[in-house]
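**Q** Have a peek at structure-v3.txt (compact mmCIF, C-alpha atoms).
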# COMPACT_ATOMS: atom_id res chain seq x y z
CA ASN A 26 0.00 0.00 0.00
CA ALA A 27 1.30 3.42 -0.96
CA GLY A 28 -1.13 5.07 1.47
CA VAL A 29 -1.84 8.69 0.61
CA THR A 30 0.32 10.27 -2.07
CA GLN A 31 0.42 13.85 -3.27
CA THR A 32 1.67 15.26 -6.56
CA PRO A 33 3.68 17.44 -6.92
CA LYS A 34 5.83 17.80 -3.80
CA PHE A 35 6.97 21.34 -4.63
CA ARG A 36 5.75 24.01 -7.03
CA VAL A 37 6.43 27.66 -7.70
CA LEU A 38 3.75 29.64 -9.51
CA LYS A 39 3.46 33.20 -10.71
CA THR A 40 0.43 35.23 -9.69
CA GLY A 41 -2.48 34.45 -11.98
CA GLN A 42 -1.28 31.02 -13.05
CA SER A 43 -3.38 27.95 -12.46
CA MET A 44 -2.50 24.45 -11.29
CA THR A 45 -3.97 21.23 -9.98
CA LEU A 46 -2.78 19.27 -6.98
CA LEU A 47 -3.46 15.55 -7.04
CA CYS A 48 -4.18 13.41 -4.00
CA ALA A 49 -4.42 9.66 -4.41
CA GLN A 50 -5.17 6.93 -1.87
CA ASP A 51 -5.20 3.17 -2.31
CA MET A 52 -7.08 2.26 0.88
CA ASN A 53 -10.61 2.46 -0.56
CA HIS A 54 -11.42 5.37 1.76
CA GLU A 55 -14.67 7.28 1.40
CA TYR A 56 -13.53 10.50 3.06
CA MET A 57 -10.87 12.74 1.52
CA TYR A 58 -9.91 16.21 2.68
CA TRP A 59 -7.65 19.08 1.63
CA TYR A 60 -6.00 21.22 4.31
CA ARG A 61 -3.56 24.07 4.15
CA GLN A 62 -1.01 24.72 6.84
CA ASP A 63 0.45 28.13 7.49
CA PRO A 64 2.83 29.17 10.28
CA GLY A 65 0.93 29.86 13.49
CA MET A 66 -2.41 28.93 11.89
CA GLY A 67 -2.51 25.19 12.32
CA LEU A 68 -4.39 23.23 9.66
CA ARG A 69 -7.36 24.82 7.97
CA LEU A 70 -9.86 22.82 5.94
CA ILE A 71 -10.25 23.94 2.31
CA HIS A 72 -12.66 21.41 0.77
CA TYR A 73 -13.64 17.87 1.49
CA SER A 74 -15.43 14.89 0.02
CA VAL A 75 -17.42 12.17 1.76
CA GLY A 76 -17.65 9.94 -1.29
CA GLU A 77 -17.10 9.65 -5.02
CA GLY A 78 -18.84 12.44 -6.88
CA THR A 79 -19.41 14.59 -3.76
CA THR A 80 -17.57 17.67 -2.56
CA ALA A 81 -18.21 20.30 0.10
CA LYS A 82 -16.67 23.57 1.24
CA GLY A 83 -14.53 23.78 4.31
CA GLU A 84 -13.29 26.71 6.30
CA VAL A 85 -11.26 28.52 3.61
CA PRO A 86 -12.62 27.49 0.17
CA ASP A 87 -12.26 30.78 -1.74
CA GLY A 88 -9.89 30.59 -4.71
CA TYR A 89 -9.95 26.78 -4.82
CA ASN A 90 -12.03 24.17 -6.61
CA VAL A 91 -12.08 20.41 -6.16
CA SER A 92 -13.28 17.30 -7.94
CA ARG A 93 -13.74 13.68 -6.87
CA LEU A 94 -14.51 11.86 -10.10
CA LYS A 95 -12.87 8.66 -8.89
CA LYS A 96 -13.01 7.34 -5.35
CA GLN A 97 -9.25 7.09 -5.06
CA ASN A 98 -8.45 10.61 -6.32
CA PHE A 99 -9.20 14.06 -4.95
CA LEU A 100 -8.02 17.02 -7.02
CA LEU A 101 -7.49 20.54 -5.73
CA GLY A 102 -7.40 23.31 -8.32
CA LEU A 103 -6.17 26.86 -8.06
CA GLU A 104 -7.86 28.87 -10.78
CA SER A 105 -5.78 32.04 -10.53
CA ALA A 106 -3.00 31.76 -7.97
CA ALA A 107 -2.39 34.57 -5.48
CA PRO A 108 0.52 35.13 -3.07
CA SER A 109 -1.91 34.48 -0.19
CA GLN A 110 -2.12 30.88 -1.40
CA THR A 111 1.53 30.28 -0.62
CA SER A 112 1.29 27.42 1.85
CA VAL A 113 1.84 23.75 2.48
CA TYR A 114 -1.13 21.68 1.32
CA PHE A 115 -1.99 18.36 2.91
CA CYS A 116 -4.42 15.76 1.75
CA ALA A 117 -5.96 13.29 4.20
CA SER A 118 -8.24 10.30 3.88
CA SER A 119 -10.20 8.04 6.18
CA TYR A 120 -12.59 5.12 5.97
CA SER A 121 -14.97 6.83 8.37
CA MET A 122 -15.26 10.03 10.36
CA SER A 123 -14.56 8.20 13.59
CA GLY A 124 -11.54 6.32 12.30
CA THR A 125 -7.87 7.03 11.83
CA TRP A 126 -6.96 9.68 9.31
CA TYR A 127 -4.01 9.18 6.98
CA PHE A 128 -2.10 12.16 5.68
CA GLY A 129 -0.05 12.65 2.56
CA PRO A 130 3.47 14.11 2.72
CA GLY A 131 2.35 17.56 1.63
CA THR A 132 2.81 19.90 -1.33
CA ARG A 133 4.81 23.07 -0.73
CA LEU A 134 3.44 25.80 -2.99
CA THR A 135 4.97 29.22 -3.45
CA VAL A 136 3.17 31.94 -5.41
CA THR A 137 5.30 34.90 -6.42
CA SER B 28 -12.49 28.89 13.52
CA GLN B 29 -10.33 26.41 15.38
CA GLN B 30 -12.15 23.79 17.41
CA GLY B 31 -9.21 22.51 19.36
CA GLU B 32 -6.78 24.77 21.13
CA GLU B 33 -3.52 23.30 22.37
CA ASP B 34 -1.63 24.51 25.37
CA PRO B 35 1.20 25.30 25.65
CA GLN B 36 2.12 26.49 22.16
CA ALA B 37 5.71 25.45 22.75
CA LEU B 38 7.36 23.16 25.29
CA SER B 39 11.04 22.42 25.81
CA ILE B 40 12.18 19.70 28.22
CA GLN B 41 15.16 17.47 28.92
CA GLU B 42 15.37 13.96 27.56
CA GLY B 43 13.88 11.49 30.00
CA GLU B 44 11.37 13.93 31.45
CA ASN B 45 7.63 13.66 30.90
CA ALA B 46 5.83 16.02 28.53
CA THR B 47 2.21 17.04 28.96
CA MET B 48 0.15 18.86 26.36
CA ASN B 49 -3.43 20.00 26.71
CA CYS B 50 -6.24 20.50 24.25
CA SER B 51 -9.54 22.29 24.74
CA TYR B 52 -12.49 22.23 22.37
CA LYS B 53 -15.84 23.95 22.07
CA THR B 54 -18.58 21.61 20.88
CA SER B 55 -19.81 18.09 21.56
CA ILE B 56 -17.64 15.49 19.89
CA ASN B 57 -17.68 11.87 18.86
CA ASN B 58 -14.00 11.36 19.40
CA LEU B 59 -10.71 13.20 19.81
CA GLN B 60 -7.47 12.28 18.14
CA TRP B 61 -3.83 13.25 18.61
CA TYR B 62 -1.37 13.54 15.74
CA ARG B 63 2.37 14.15 15.50
CA GLN B 64 4.09 16.13 12.78
CA ASN B 65 7.82 16.04 12.30
CA SER B 66 9.35 19.07 10.65
CA GLY B 67 8.54 19.19 6.93
CA ARG B 68 6.44 16.03 7.02
CA GLY B 69 2.79 15.04 7.07
CA LEU B 70 0.79 14.27 10.18
CA VAL B 71 0.93 10.83 11.75
CA HIS B 72 -1.91 9.44 13.83
CA LEU B 73 -0.97 8.66 17.44
CA ILE B 74 -4.11 7.77 19.34
CA LEU B 75 -7.89 8.11 19.23
CA ILE B 76 -10.10 8.40 22.28
CA ARG B 77 -13.87 8.16 22.02
CA SER B 78 -16.25 10.45 23.86
CA ASN B 79 -17.32 7.65 26.24
CA GLU B 80 -13.72 6.88 27.23
CA ARG B 81 -11.80 8.70 29.95
CA GLU B 82 -8.27 7.41 29.50
CA LYS B 83 -6.29 5.51 26.92
CA HIS B 84 -2.72 4.24 26.73
CA SER B 85 -0.43 3.40 23.83
CA GLY B 86 3.18 2.63 24.69
CA ARG B 87 4.64 5.76 26.29
CA LEU B 88 1.53 7.78 25.45
CA ARG B 89 -1.34 8.41 27.81
CA VAL B 90 -4.39 10.38 26.74
CA THR B 91 -7.19 11.58 28.98
CA LEU B 92 -10.52 13.06 28.00
CA ASP B 93 -12.84 15.11 30.17
CA THR B 94 -16.01 15.81 28.21
CA SER B 95 -17.51 17.90 31.04
CA LYS B 96 -14.59 20.31 30.73
CA LYS B 97 -14.22 19.80 26.99
CA SER B 98 -10.55 19.09 27.38
CA SER B 99 -7.95 16.41 26.71
CA SER B 100 -4.34 15.89 27.66
CA LEU B 101 -1.51 13.97 26.03
CA LEU B 102 1.28 12.71 28.26
CA ILE B 103 4.51 11.40 26.79
CA THR B 104 6.56 9.60 29.41
CA ALA B 105 10.34 9.15 29.41
CA SER B 106 10.76 11.50 26.48
CA ARG B 107 13.35 10.88 23.78
CA ALA B 108 15.03 13.18 21.26
CA ALA B 109 12.95 11.51 18.54
CA ASP B 110 9.78 12.83 20.20
CA THR B 111 10.73 16.32 19.06
CA ALA B 112 7.81 17.33 16.83
CA SER B 113 4.58 19.30 16.75
CA TYR B 114 1.55 17.66 18.31
CA PHE B 115 -2.01 18.38 17.25
CA CYS B 116 -5.37 17.44 18.66
CA ALA B 117 -8.28 16.98 16.29
CA THR B 118 -11.99 16.63 16.93
CA ASP B 119 -14.96 15.66 14.82
CA ASP B 120 -18.04 17.73 15.52
CA GLN B 121 -21.13 15.67 16.12
CA GLY B 122 -23.29 16.00 13.03
CA ALA B 123 -20.52 17.55 11.00
CA GLN B 124 -18.41 15.65 8.55
CA LYS B 125 -15.03 17.15 9.15
CA LEU B 126 -12.04 16.87 11.43
CA VAL B 127 -10.94 20.15 12.98
CA PHE B 128 -7.40 20.69 14.19
CA GLY B 129 -5.91 22.92 16.81
CA GLN B 130 -2.82 25.02 16.21
CA GLY B 131 -0.50 22.49 17.80
CA THR B 132 2.14 22.29 20.51
CA ARG B 133 5.75 22.40 19.39
CA LEU B 134 7.70 19.99 21.60
CA THR B 135 11.50 20.09 21.81
CA ILE B 136 13.40 17.38 23.67
CA ASN B 137 16.89 18.47 24.64
CA PRO B 138 19.53 15.73 24.88
Write out the structure in this file as structure tokens.

**A**
Amino acid sequence: NAGVTQTPKFRVLKTGQSMTLLCAQDMNHEYMYWYRQDPGMGLRLIHYSVGEGTTAKGEVPDGYNVSRLKKQNFLLGLESAAPSQTSVYFCASSYSMSGTWYFGPGTRLTVT
Amino acid sequence: SQQGEEDPQALSIQEGENATMNCSYKTSINNLQWYRQNSGRGLVHLILIRSNEREKHSGRLRVTLDTSKKSSSLLITASRAADTASYFCATDDQGAQKLVFGQGTRLTINP
């Protein structure tokens, strides 16, 4: 089992560019989440999905879109990157809300 | 807004000492979890305690939960240099479908 993987690991974007972050899990988990982590802010929930074909907004969804076309993949898109989106992005998955959550290694994104 | 709030924000102790971190939360929960994050890495699950449990052990870890005070504590006994990391508590709101994290406690173990 690869667990939760994230692609890419690092990325530098210019303001206004777009990109997609990919999260993949091979544990047949229903729940998949995208968080961002900023210094002194802890982890903040961007968007989440409780099953294939479903998505919902989290705490800080503005400027991001997501899709869950396949159960194993959860994509996070930045339509027009801004410097405020410079952060480390973590994907997490779980079989159920009350179970253990598994995190990916993170994607470090810098927007200049 | 953050559900869990860890205290202290930073803790520095000598190797071999015990480390205690606290977490407070605001709403009713189904369970509370603790995670560890080493510098530059993802979070790793340590222990889960359900709302009907008061104490749980896993190796050198001891977690307590007081639902009347909406608080939890994580005790690491006989600390080691490898325990240096940030520790986060996370709660799932009853009725909600998301896990909410606190800001974390940064633990440094000095050799």

**Q** State, in Å with one decimal place, the distance from CA of Ala46 in chain B to CA of Ser66 in chain B.

**A**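 These atoms are spaced 18.5 Å apart.
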
**Q** With distances taken over all atoms listed in the file, which of B:Leu70, B:Leu59, B:Ala105, B:Cys50 is nearest to Tyr114 in chain A?

**A**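 Smallest distance to Tyr114 in chain A is found for B:Leu70.
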
**Q** Go ahead and compute the interatomic distance for CA of Gln31 in chain A and CA of Pro130 in chain A, in Å to one decimal.

**A**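 Computed distance, CA of Gln31 in chain A to CA of Pro130 in chain A, equals 6.7 Å.
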
**Q** Dump as an MDAnalysis selection string all residues having an atom at most 9 Å from (-5.8, 3.9, 0.7), computed in the file's coordinates with all atoms listed in the file.

**A** chainID A and resid 26:29 49:54 97 118:120 127

**Q** Give me the residues near range 106-122 of chain B as number ranges by chain, where near means some atom within 8 Å (using all atoms listed in the file) and where sequence neighbours in that chain fewer than 5 positions away do not count.

**A** A: 122-123; B: 30-33, 41-46, 50, 52, 54-66, 127-138

**Q** Check the smallest atom-to-atom distance from each of B:Ser78, B:Leu73, B:Lys97, B:Gly67 to Lys53 in chain B using only C-alpha atoms, then report the winner.

**A** B:Lys97

**Q** Given the choices A:Asn90, A:Ser105, A:Asn98, A:Thr125, which gets closest to chain B if the distance is worked out from all atoms listed in the file?

**A**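 Distance minimum relative to chain B lands on A:Thr125.
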
**Q** Restrict the distance test to all atoms listed in the file, flag each residue of chain A within 12 Å of chain B, and return the flagged residues as number ranges by chain.

**A** A: 28-31, 34-35, 55-76, 80-85, 113-119, 121-133
